[in-house]
$ cat upload.txt   # compact mmCIF, C-alpha atoms and all ligand atoms
# COMPACT_ATOMS: atom_id res chain seq x y z
CA MET A 84 -13.58 28.57 -51.70
CA ASP A 85 -17.24 28.85 -50.77
CA ILE A 86 -18.98 25.79 -49.38
CA HIS A 87 -22.67 24.97 -49.05
CA GLU A 88 -24.81 25.67 -46.01
CA TYR A 89 -25.20 21.96 -45.23
CA GLN A 90 -21.41 21.52 -45.34
CA ALA A 91 -20.80 24.58 -43.17
CA LYS A 92 -23.36 23.20 -40.72
CA GLU A 93 -21.34 19.97 -40.57
CA LEU A 94 -18.25 21.97 -39.57
CA PHE A 95 -20.28 23.87 -36.97
CA ARG A 96 -21.85 20.68 -35.59
CA ASN A 97 -18.39 19.13 -35.25
CA ALA A 98 -17.35 22.19 -33.24
CA GLY A 99 -20.29 21.63 -30.87
CA ILE A 100 -22.58 24.42 -32.06
CA PRO A 101 -26.28 23.51 -31.74
CA VAL A 102 -27.44 23.04 -35.34
CA PRO A 103 -30.72 21.35 -36.27
CA PRO A 104 -30.39 18.06 -38.22
CA GLY A 105 -31.07 17.91 -41.93
CA GLU A 106 -30.82 15.93 -45.13
CA VAL A 107 -29.52 17.03 -48.54
CA VAL A 108 -31.50 15.79 -51.52
CA THR A 109 -31.59 16.29 -55.28
CA THR A 110 -35.17 15.27 -56.14
CA PRO A 111 -38.67 16.29 -54.94
CA GLU A 112 -39.40 12.65 -54.03
CA ALA A 113 -36.35 12.45 -51.78
CA ALA A 114 -37.35 15.81 -50.25
CA GLU A 115 -40.76 14.36 -49.38
CA ALA A 116 -39.18 11.27 -47.81
CA ALA A 117 -36.74 13.40 -45.81
CA ALA A 118 -39.55 15.69 -44.64
CA ASP A 119 -41.56 12.67 -43.61
CA LYS A 120 -38.68 11.43 -41.45
CA LEU A 121 -38.34 14.88 -39.85
CA GLY A 122 -42.02 15.05 -38.94
CA GLY A 123 -43.43 16.99 -41.92
CA LYS A 124 -42.94 20.54 -40.63
CA VAL A 125 -39.72 21.46 -42.43
CA VAL A 126 -37.83 24.16 -44.29
CA VAL A 127 -36.67 23.42 -47.85
CA LYS A 128 -33.52 25.40 -48.60
CA ALA A 129 -31.67 25.92 -51.90
CA GLN A 130 -27.99 24.97 -51.62
CA VAL A 131 -26.14 27.55 -53.71
CA HIS A 132 -23.01 29.59 -53.11
CA THR A 133 -24.81 32.86 -52.64
CA GLY A 134 -26.68 34.70 -49.92
CA GLY A 135 -30.17 36.17 -50.07
CA ARG A 136 -31.76 32.84 -50.88
CA GLY A 137 -34.74 33.66 -48.68
CA LYS A 138 -35.56 36.82 -50.67
CA ALA A 139 -35.13 34.96 -53.97
CA GLY A 140 -37.67 32.28 -53.00
CA GLY A 141 -35.02 29.65 -52.27
CA VAL A 142 -36.06 29.09 -48.62
CA LYS A 143 -39.60 27.77 -48.08
CA LEU A 144 -41.46 26.56 -45.02
CA ALA A 145 -43.63 23.46 -45.46
CA SER A 146 -46.27 22.18 -43.08
CA SER A 147 -46.37 18.67 -44.55
CA ALA A 148 -44.14 16.26 -46.44
CA ALA A 149 -46.30 16.71 -49.56
CA GLU A 150 -45.81 20.46 -49.38
CA ALA A 151 -42.05 19.95 -48.95
CA ARG A 152 -42.08 17.97 -52.19
CA GLU A 153 -43.86 20.84 -53.99
CA HIS A 154 -41.37 23.39 -52.67
CA ALA A 155 -38.44 21.17 -53.67
CA SER A 156 -39.74 20.75 -57.20
CA ARG A 157 -39.98 24.54 -57.53
CA ILE A 158 -36.60 25.29 -55.93
CA LEU A 159 -34.57 22.57 -57.68
CA GLY A 160 -33.51 23.97 -61.04
CA MET A 161 -34.20 27.60 -60.18
CA THR A 162 -31.40 30.15 -60.53
CA ILE A 163 -30.33 32.49 -57.75
CA ASN A 164 -27.78 35.16 -58.70
CA ASP A 165 -26.97 33.23 -61.91
CA LEU A 166 -26.34 29.96 -60.04
CA THR A 167 -28.54 26.92 -60.69
CA VAL A 168 -29.88 25.02 -57.69
CA HIS A 169 -28.98 21.30 -57.86
CA LYS A 170 -29.55 20.37 -54.21
CA VAL A 171 -31.87 21.32 -51.38
CA LEU A 172 -31.48 20.93 -47.64
CA VAL A 173 -34.53 19.64 -45.79
CA THR A 174 -34.39 20.62 -42.13
CA PRO A 175 -36.94 20.87 -39.29
CA ALA A 176 -38.83 24.17 -39.19
CA GLU A 177 -37.88 25.95 -36.00
CA ASP A 178 -40.12 28.33 -34.09
CA ILE A 179 -38.31 31.61 -33.84
CA ALA A 180 -38.56 34.12 -31.00
CA SER A 181 -35.62 36.28 -32.16
CA GLU A 182 -32.90 36.32 -34.83
CA ALA A 183 -29.34 37.55 -34.29
CA TYR A 184 -26.22 37.80 -36.48
CA VAL A 185 -22.81 36.36 -35.52
CA GLY A 186 -19.90 36.31 -37.93
CA VAL A 187 -16.11 36.25 -37.91
CA LEU A 188 -13.90 37.09 -40.85
CA VAL A 189 -10.30 37.85 -41.70
CA ASP A 190 -10.24 41.63 -41.85
CA ARG A 191 -7.36 42.93 -43.92
CA LYS A 192 -7.58 46.42 -42.47
CA SER A 193 -7.33 45.14 -38.90
CA GLN A 194 -4.79 42.50 -39.92
CA ALA A 195 -6.68 40.09 -37.69
CA PRO A 196 -9.89 38.12 -37.35
CA VAL A 197 -12.77 40.42 -36.53
CA PHE A 198 -16.11 39.37 -35.06
CA MET A 199 -19.27 41.17 -36.04
CA VAL A 200 -22.40 40.60 -34.00
CA SER A 201 -25.84 42.14 -34.08
CA PRO A 202 -29.13 41.48 -32.32
CA GLU A 203 -30.79 42.41 -35.64
CA GLY A 204 -30.15 39.18 -37.54
CA GLY A 205 -31.92 37.40 -40.34
CA VAL A 206 -31.56 40.32 -42.75
CA ASP A 207 -28.50 41.44 -44.71
CA ILE A 208 -25.85 42.63 -42.28
CA GLU A 209 -24.82 45.24 -44.89
CA GLU A 210 -28.34 46.66 -44.58
CA VAL A 211 -28.06 46.89 -40.79
CA ALA A 212 -24.63 48.51 -41.17
CA ALA A 213 -26.11 51.16 -43.48
CA THR A 214 -29.34 51.89 -41.61
CA ASN A 215 -28.52 51.19 -37.97
CA PRO A 216 -24.74 50.94 -37.41
CA ASP A 217 -25.17 51.10 -33.60
CA ALA A 218 -26.84 47.69 -33.77
CA ILE A 219 -23.53 46.11 -34.79
CA ARG A 220 -20.58 45.45 -32.53
CA LYS A 221 -17.15 44.66 -33.96
CA VAL A 222 -14.45 42.96 -31.91
CA ARG A 223 -10.91 42.51 -33.17
CA ILE A 224 -9.24 39.28 -32.07
CA ASP A 225 -5.54 39.56 -31.38
CA PRO A 226 -4.11 36.45 -33.05
CA ARG A 227 -1.43 36.20 -30.34
CA TYR A 228 -4.02 35.50 -27.64
CA GLY A 229 -7.04 34.27 -29.59
CA LEU A 230 -10.60 34.94 -28.53
CA LEU A 231 -10.56 35.90 -24.85
CA PRO A 232 -13.40 34.84 -22.52
CA HIS A 233 -14.43 38.42 -21.73
CA GLN A 234 -14.69 39.19 -25.46
CA ALA A 235 -17.01 36.24 -26.08
CA TYR A 236 -19.08 37.16 -23.01
CA GLY A 237 -19.21 40.83 -24.03
CA MET A 238 -20.55 39.99 -27.48
CA ALA A 239 -23.11 37.55 -26.09
CA ALA A 240 -24.29 40.18 -23.61
CA PHE A 241 -24.65 42.67 -26.47
CA LEU A 242 -26.95 40.18 -28.23
CA TYR A 243 -29.09 39.03 -25.32
CA SER A 244 -30.26 40.24 -21.92
CA GLU A 245 -31.42 36.89 -20.48
CA PRO A 246 -28.52 35.23 -18.61
CA ALA A 247 -29.51 31.81 -19.98
CA GLN A 248 -29.07 33.03 -23.56
CA VAL A 249 -25.92 35.00 -22.79
CA LYS A 250 -24.41 31.79 -21.44
CA GLN A 251 -25.35 29.74 -24.52
CA ALA A 252 -24.21 32.45 -26.93
CA THR A 253 -20.86 32.85 -25.14
CA LYS A 254 -20.20 29.17 -25.72
CA ILE A 255 -21.38 29.30 -29.36
CA ILE A 256 -19.14 32.29 -30.12
CA GLY A 257 -16.15 30.33 -28.77
CA GLN A 258 -17.09 27.28 -30.82
CA LEU A 259 -17.54 29.40 -33.94
CA TYR A 260 -14.07 30.86 -33.49
CA GLN A 261 -12.59 27.37 -33.12
CA ALA A 262 -14.39 26.20 -36.28
CA PHE A 263 -13.12 29.31 -38.06
CA LEU A 264 -9.52 28.51 -37.08
CA ASP A 265 -9.71 24.75 -37.68
CA GLY A 266 -11.24 25.26 -41.14
CA SER A 267 -8.76 28.02 -42.14
CA CYS A 268 -11.81 30.12 -42.92
CA SER A 269 -11.81 33.62 -44.32
CA LEU A 270 -15.44 33.87 -43.18
CA ALA A 271 -17.67 31.92 -40.81
CA GLU A 272 -21.14 33.29 -40.27
CA ILE A 273 -24.38 32.36 -38.50
CA ASN A 274 -27.34 34.40 -39.76
CA PRO A 275 -29.69 33.92 -38.09
CA LEU A 276 -28.65 32.66 -34.70
CA ILE A 277 -32.11 32.12 -33.25
CA VAL A 278 -33.68 31.89 -29.85
CA THR A 279 -36.59 29.44 -29.76
CA PRO A 280 -39.71 30.11 -27.65
CA ASP A 281 -38.22 27.63 -25.14
CA GLY A 282 -35.11 29.79 -24.82
CA ASP A 283 -32.69 27.60 -26.79
CA VAL A 284 -30.05 29.33 -28.91
CA LYS A 285 -29.40 27.62 -32.28
CA ALA A 286 -27.72 28.22 -35.62
CA ILE A 287 -30.25 27.75 -38.45
CA ASP A 288 -28.10 29.14 -41.25
CA ALA A 289 -24.38 28.77 -41.88
CA LYS A 290 -22.04 30.44 -44.34
CA VAL A 291 -18.35 29.60 -44.66
CA SER A 292 -15.56 30.58 -47.05
CA VAL A 293 -12.29 28.70 -46.80
CA ASP A 294 -8.87 30.07 -47.71
CA GLU A 295 -7.94 28.23 -50.94
CA SER A 296 -4.27 28.19 -49.95
CA ALA A 297 -5.02 26.06 -46.89
CA LEU A 298 -6.86 23.30 -48.75
CA PHE A 299 -3.76 21.16 -49.25
CA ARG A 300 -3.75 20.41 -45.52
CA LEU A 301 -7.53 20.12 -45.14
CA PRO A 302 -8.55 17.12 -47.26
CA ASP A 303 -11.96 16.89 -45.54
CA VAL A 304 -12.74 20.48 -46.45
CA GLU A 305 -11.28 20.12 -49.95
CA ALA A 306 -13.77 17.27 -50.44
CA PHE A 307 -16.57 19.83 -49.98
CA ARG A 308 -15.70 21.36 -53.35
CA ASP A 309 -18.78 21.16 -55.56
CA LEU A 310 -17.92 21.72 -59.21
CA ASP A 311 -21.61 21.96 -60.16
CA ALA A 312 -22.02 24.88 -57.79
CA GLU A 313 -19.29 27.20 -59.03
CA PRO A 314 -19.44 29.30 -62.18
CA PRO A 315 -17.94 27.27 -65.10
CA SER A 316 -15.39 30.04 -65.71
CA GLU A 317 -13.89 29.50 -62.24
CA THR A 318 -13.58 25.73 -62.70
CA LYS A 319 -11.93 26.20 -66.07
CA ALA A 320 -9.53 28.81 -64.74
CA ARG A 321 -8.47 26.61 -61.85
CA GLU A 322 -7.93 23.59 -64.09
CA ALA A 323 -5.70 25.68 -66.38
CA SER A 324 -3.89 27.20 -63.34
CA LEU A 325 -5.05 30.71 -64.17
CA SER A 326 -5.98 33.30 -61.53
CA PHE A 327 -9.33 34.62 -62.62
CA VAL A 328 -11.87 36.92 -60.99
CA LYS A 329 -15.02 37.90 -62.84
CA LEU A 330 -15.89 41.61 -62.73
CA ASP A 331 -18.76 43.69 -64.11
CA GLY A 332 -17.20 45.66 -67.00
CA ASN A 333 -16.79 44.99 -70.72
CA VAL A 334 -13.00 45.09 -71.26
CA GLY A 335 -11.74 41.49 -71.08
CA CYS A 336 -8.21 41.51 -69.69
CA CYS A 337 -5.51 38.90 -70.21
CA VAL A 338 -2.23 39.73 -68.51
CA ASN A 339 0.87 37.91 -67.30
CA GLY A 340 1.61 38.61 -63.65
CA ALA A 341 -0.77 39.67 -60.89
CA GLY A 342 0.87 43.08 -60.41
CA LEU A 343 0.73 43.93 -64.10
CA ALA A 344 -2.89 42.70 -64.19
CA MET A 345 -3.77 45.10 -61.36
CA ALA A 346 -1.93 47.94 -63.12
CA THR A 347 -3.78 47.12 -66.34
CA MET A 348 -7.14 47.31 -64.59
CA ASP A 349 -6.12 50.65 -63.04
CA LEU A 350 -5.23 51.99 -66.48
CA VAL A 351 -8.51 50.71 -67.97
CA LYS A 352 -10.33 52.69 -65.25
CA TYR A 353 -8.04 55.70 -65.81
CA TYR A 354 -9.17 55.87 -69.43
CA GLY A 355 -12.82 55.61 -68.37
CA GLY A 356 -13.35 51.89 -69.02
CA GLU A 357 -14.44 49.02 -66.81
CA PRO A 358 -12.55 45.70 -66.70
CA ALA A 359 -14.66 42.56 -67.26
CA ASN A 360 -12.24 40.45 -65.26
CA PHE A 361 -8.93 40.04 -63.55
CA LEU A 362 -6.92 37.34 -65.29
CA ASP A 363 -3.32 36.42 -64.67
CA ILE A 364 -1.99 33.83 -67.08
CA GLY A 365 1.12 33.43 -64.95
CA GLY A 366 4.78 33.59 -65.78
CA SER A 367 5.19 30.50 -67.91
CA SER A 368 5.29 30.27 -71.69
CA ASN A 369 2.44 27.95 -72.45
CA PRO A 370 0.21 28.55 -75.49
CA ASP A 371 -2.45 26.23 -74.00
CA LYS A 372 -2.94 28.70 -71.17
CA VAL A 373 -3.61 31.48 -73.67
CA VAL A 374 -6.22 29.31 -75.37
CA ALA A 375 -7.90 28.55 -72.01
CA ALA A 376 -7.78 32.25 -71.07
CA LEU A 377 -9.43 33.29 -74.33
CA GLU A 378 -12.11 30.63 -73.92
CA ILE A 379 -12.94 31.95 -70.44
CA ILE A 380 -12.99 35.60 -71.52
CA THR A 381 -15.10 35.03 -74.64
CA ALA A 382 -17.65 32.96 -72.68
CA ASP A 383 -18.62 36.20 -70.90
CA PRO A 384 -21.30 37.87 -73.08
CA SER A 385 -20.58 41.36 -71.72
CA VAL A 386 -17.02 41.42 -73.11
CA GLU A 387 -16.81 43.92 -76.02
CA VAL A 388 -13.06 43.95 -76.45
CA ILE A 389 -10.15 41.75 -75.40
CA LEU A 390 -7.00 43.36 -74.10
CA PHE A 391 -3.71 41.49 -73.86
CA ASN A 392 -0.93 43.03 -71.85
CA ILE A 393 2.19 40.89 -71.84
CA PHE A 394 5.54 41.77 -70.39
CA GLY A 395 8.02 39.21 -71.60
CA GLY A 396 10.50 38.28 -68.91
CA ILE A 397 10.36 34.54 -68.38
CA THR A 398 7.26 34.57 -70.54
CA ARG A 399 8.27 34.56 -74.20
CA CYS A 400 6.21 36.98 -76.26
CA ASP A 401 6.33 34.69 -79.32
CA ASP A 402 4.71 31.88 -77.29
CA VAL A 403 1.88 34.19 -76.30
CA ALA A 404 1.51 35.34 -79.91
CA ASN A 405 1.35 31.71 -81.08
CA GLY A 406 -1.23 31.03 -78.38
CA ILE A 407 -3.40 33.90 -79.58
CA VAL A 408 -3.20 32.75 -83.19
CA ALA A 409 -3.93 29.13 -82.20
CA ALA A 410 -6.87 30.17 -80.02
CA THR A 411 -8.49 32.24 -82.75
CA LYS A 412 -8.34 29.19 -85.03
CA GLN A 413 -9.85 26.90 -82.37
CA ILE A 414 -12.62 29.11 -81.07
CA ASP A 415 -14.86 31.68 -82.68
CA ILE A 416 -13.83 34.98 -81.12
CA LYS A 417 -16.17 37.88 -81.87
CA PRO A 418 -14.70 40.81 -79.89
CA PRO A 419 -11.62 42.44 -81.39
CA ILE A 420 -8.31 41.71 -79.70
CA PHE A 421 -5.94 44.53 -78.75
CA ILE A 422 -2.47 43.28 -77.95
CA ARG A 423 0.49 44.81 -76.21
CA LEU A 424 3.69 42.79 -76.01
CA THR A 425 7.09 43.86 -74.92
CA GLY A 426 10.24 42.09 -73.74
CA THR A 427 11.65 38.68 -74.55
CA ASN A 428 11.22 37.77 -78.24
CA GLU A 429 9.12 40.85 -78.88
CA GLU A 430 10.25 41.14 -82.54
CA GLU A 431 9.26 37.56 -83.34
CA ALA A 432 5.92 38.01 -81.60
CA LEU A 433 5.08 41.19 -83.50
CA ALA A 434 5.92 39.43 -86.78
CA ILE A 435 3.68 36.45 -85.94
CA LEU A 436 0.78 38.73 -85.03
CA LYS A 437 1.26 40.95 -88.08
CA ASP A 438 1.21 37.88 -90.35
CA ALA A 439 -2.03 36.76 -88.72
CA GLY A 440 -3.56 40.22 -89.18
CA PHE A 441 -3.66 41.40 -85.54
CA PRO A 442 -2.80 44.94 -84.53
CA ALA A 443 -0.11 44.86 -81.88
CA TYR A 444 1.34 47.56 -79.69
CA THR A 445 4.39 47.90 -77.50
CA SER A 446 3.08 50.76 -75.34
CA MET A 447 0.72 49.90 -72.50
CA ASP A 448 -0.81 53.39 -72.54
CA ASP A 449 -1.62 53.25 -76.25
CA VAL A 450 -3.21 49.82 -76.20
CA VAL A 451 -5.36 50.44 -73.14
CA GLU A 452 -6.58 53.79 -74.47
CA LYS A 453 -7.49 52.21 -77.85
CA ALA A 454 -9.23 49.23 -76.25
CA VAL A 455 -11.27 51.43 -73.90
CA GLN A 456 -12.26 53.73 -76.79
CA PHE A 457 -13.46 50.72 -78.78
CA ALA A 458 -15.43 49.31 -75.82
CA ALA A 459 -17.11 52.68 -75.27
CA GLN A 460 -18.38 52.75 -78.86
CA ALA A 461 -19.51 49.11 -78.87
P1 LIG B 1 -30.65 33.17 -46.54
O1 LIG B 1 -31.79 34.03 -46.99
O2 LIG B 1 -29.89 32.62 -47.71
O3 LIG B 1 -29.75 33.86 -45.58
O4 LIG B 1 -31.30 31.88 -45.78
P2 LIG B 1 -31.68 31.66 -44.23
O5 LIG B 1 -31.44 30.26 -43.88
O6 LIG B 1 -31.02 32.66 -43.36
O7 LIG B 1 -33.24 31.89 -44.19
C1 LIG B 1 -33.80 33.17 -44.42
C2 LIG B 1 -34.90 33.44 -43.41
O8 LIG B 1 -35.91 32.44 -43.49
C3 LIG B 1 -34.46 33.42 -41.95
O9 LIG B 1 -33.90 34.63 -41.52
C4 LIG B 1 -35.75 33.09 -41.24
O10 LIG B 1 -36.49 34.27 -41.02
C5 LIG B 1 -36.47 32.21 -42.23
N1 LIG B 1 -36.29 30.80 -41.81
C6 LIG B 1 -35.26 29.96 -42.13
N2 LIG B 1 -35.39 28.78 -41.49
C7 LIG B 1 -36.51 28.88 -40.72
C8 LIG B 1 -37.16 28.02 -39.80
O11 LIG B 1 -36.75 26.89 -39.52
N3 LIG B 1 -38.31 28.49 -39.21
C9 LIG B 1 -38.81 29.73 -39.47
N4 LIG B 1 -39.91 30.12 -38.86
N5 LIG B 1 -38.21 30.58 -40.31
C10 LIG B 1 -37.07 30.17 -40.94
MN MN B 2 -29.11 33.60 -43.70
$ encode --input "upload.txt" --output "structure tokens"
Amino acid sequence: MDIHEYQAKELFRNAGIPVPPGEVVTTPEAAEAAADKLGGKVVVKAQVHTGGRGKAGGVKLASSAAEAREHASRILGMTINDLTVHKVLVTPAEDIASEAYVGVLVDRKSQAPVFMVSPEGGVDIEEVAATNPDAIRKVRIDPRYGLLPHQAYGMAAFLYSEPAQVKQATKIIGQLYQAFLDGSCSLAEINPLIVTPDGDVKAIDAKVSVDESALFRLPDVEAFRDLDAEPPSETKAREASLSFVKLDGNVGCCVNGAGLAMATMDLVKYYGGEPANFLDIGGSSNPDKVVAALEIITADPSVEVILFNIFGGITRCDDVANGIVAATKQIDIKPPIFIRLTGTNEEEALAILKDAGFPAYTSMDDVVEKAVQFAAQA
């Protein structure tokens, strides 16, 4: 689960990291009042679950409260990477002498948390990785021992040459790691970590993703969930207990079981297609889930064809077939539906679908090939 910058800053502040104060507001008037309280010279920052806000015009410096109000009225309601801005953070404008990057994430390849630090902060770290990889240092943290003092010091010394800043950064890196652990984060990032002209090291941006599976024991973090900030498809999928990940292709996939869903996406690619999503409707036999799944898939305008791949074990194929028929009566589905069902109650399912006029297959290869061919011509 992604959280907002102002929420991530709260976690960082609680861990002791120096973070400037700020106020979250939803109207230009409130932005003006907040700016006034902070002395007028502020930054107005879009609160959306995506990076690159600065480039998109979602981070604006104001030299007066009136200007902060103007910026807020422009930023509130704008869309950044398809997400609408409902809130802005008003925070004091800092004078910046240098910008660094400090992040820690769960790295699957290393099977451990890995820190990434770079003295070239502020910009996309991916860009630095591509153009100047020597400017990034990666440090794997052995989970048996945690972050060791020499590791924190080594990273800080890679970022700064002044002892005063090395000392502050060493402490901040330790605090960031503690916040990362306490919040069960998959990512905790400060970009930029700035040095002010007075030599103070501060975090002026914060990005945190929390492991969804840990939320049951983190009620304070769970409370950060902002339904207005996530794509409607994700909210709907969670409410219906479906695992859903939006992708960029045009073949909408609806599969029971995560493994079969992965195999289906592989086969779509094998036949030259691109999946529009990963969607696992789970192992139960619940027609309501099929209806919810079809609503989510058909809400995506790039979907040209819908592909069902159902292996009936615990799932009963006739339930899925009934769900498909019910869904097509409830919602207006434009893309054609290609269905493959095999296993428990397969005969009944095929009869139900045939009666309703749907083509159905029992071979996974056949159905995926046909669906991809159709999508390619669409
Ligand atoms: P992002 O684009 O979503 O990562 O948003 P950031 O909070 O990182 O802001 C982007 C950039 O705006 C930073 O790298 C800074 O260069 C600039 N910026 C943000 N806050 C301030 C500030 O308080 N003072 C100054 N001078 N620049 C800022
Ligand atoms: Mn940033």
$ residues_near_ligand --input "upload.txt" --ligand "ligand MN 2 (chain B)" --cutoff "10 Å" --atoms "only C-alpha atoms and all ligand atoms" --output "number ranges by chain"
A: 88, 133-137, 142, 184, 204-208, 272-276, 286-290
$ atom_distance --input "upload.txt" --atom1 "atom CA of A:Ala320" --atom2 "atom CA of A:Ala375"
7.5 Å
$ closest_residue --input "upload.txt" --among "A:Val293, A:Val304, A:Ala240, A:Val185" --to "ligand LIG 1 (chain B)" --atoms "all atoms listed in the file"
A:Val185
$ residues_around --input "upload.txt" --residues "A:Lys221" --least-positions-apart "2" --cutoff "10 Å" --atoms "only C-alpha atoms" --output "PyMOL selection string"
chain A and resi 186-187+197-201+219+223-224+238
$ write_last_selection --input "upload.txt" --atoms "C-alpha atoms" --output "mmCIF file, keeping the file's coordinate frame"
data_model
loop_
_atom_site.group_PDB
_atom_site.id
_atom_site.type_symbol
_atom_site.label_atom_id
_atom_site.label_comp_id
_atom_site.auth_asym_id
_atom_site.auth_seq_id
_atom_site.Cartn_x
_atom_site.Cartn_y
_atom_site.Cartn_z
ATOM 1 C CA GLY A 186 -19.900 36.310 -37.930
ATOM 2 C CA VAL A 187 -16.110 36.250 -37.910
ATOM 3 C CA VAL A 197 -12.770 40.420 -36.530
ATOM 4 C CA PHE A 198 -16.110 39.370 -35.060
ATOM 5 C CA MET A 199 -19.270 41.170 -36.040
ATOM 6 C CA VAL A 200 -22.400 40.600 -34.000
ATOM 7 C CA SER A 201 -25.840 42.140 -34.080
ATOM 8 C CA ILE A 219 -23.530 46.110 -34.790
ATOM 9 C CA ARG A 223 -10.910 42.510 -33.170
ATOM 10 C CA ILE A 224 -9.240 39.280 -32.070
ATOM 11 C CA MET A 238 -20.550 39.990 -27.480
#
$ residues_near_point --input "upload.txt" --point "(-3.7, 39.2, -37.9)" --cutoff "10 Å" --atoms "all atoms listed in the file" --output "number ranges by chain"
A: 189-197, 223-227
$ residues_around --input "upload.txt" --residues "A:Arg399" --least-positions-apart "6" --cutoff "12 Å" --atoms "all atoms listed in the file" --output "NGL selection string"
:A and (339 or 365-370 or 393 or 405-406 or 424-433)
$ closest_residue --input "upload.txt" --among "A:Met84, A:Tyr353, A:Ala359, A:His154" --to "A:Ser267" --atoms "all atoms listed in the file"
A:Met84
$ residues_around --input "upload.txt" --residues "A:Leu166" --least-positions-apart "3" --cutoff "10 Å" --atoms "only C-alpha atoms" --output "JSON, numbers by chain"
{"A": [130, 131, 132, 133, 160, 161, 162, 163, 169, 311, 312, 313, 314]}
$ closest_residue --input "upload.txt" --among "A:Val291, A:Met447, A:Ala139, A:Ala239" --to "A:Val338" --atoms "all atoms listed in the file"
A:Met447
$ closest_residue --input "upload.txt" --among "A:Ala262, A:Val374, A:Ala439, A:Ala458" --to "A:Ile389" --atoms "all atoms listed in the file"
A:Ala458
$ atom_distance --input "upload.txt" --atom1 "atom CA of A:Glu317" --atom2 "atom CA of A:Asp294"
15.4 Å
$ atom_distance --input "upload.txt" --atom1 "atom CA of A:Lys329" --atom2 "atom CA of A:Gly140"
25.3 Å
$ closest_residue --input "upload.txt" --among "A:Ser244, A:Ser296, A:Asn164, A:Thr110" --to "ligand LIG 1 (chain B)" --atoms "only C-alpha atoms and all ligand atoms"
A:Asn164
$ closest_residue --input "upload.txt" --among "A:Glu182, A:Asp265, A:Glu378, A:Glu93" --to "ligand LIG 1 (chain B)" --atoms "all atoms listed in the file"
A:Glu182
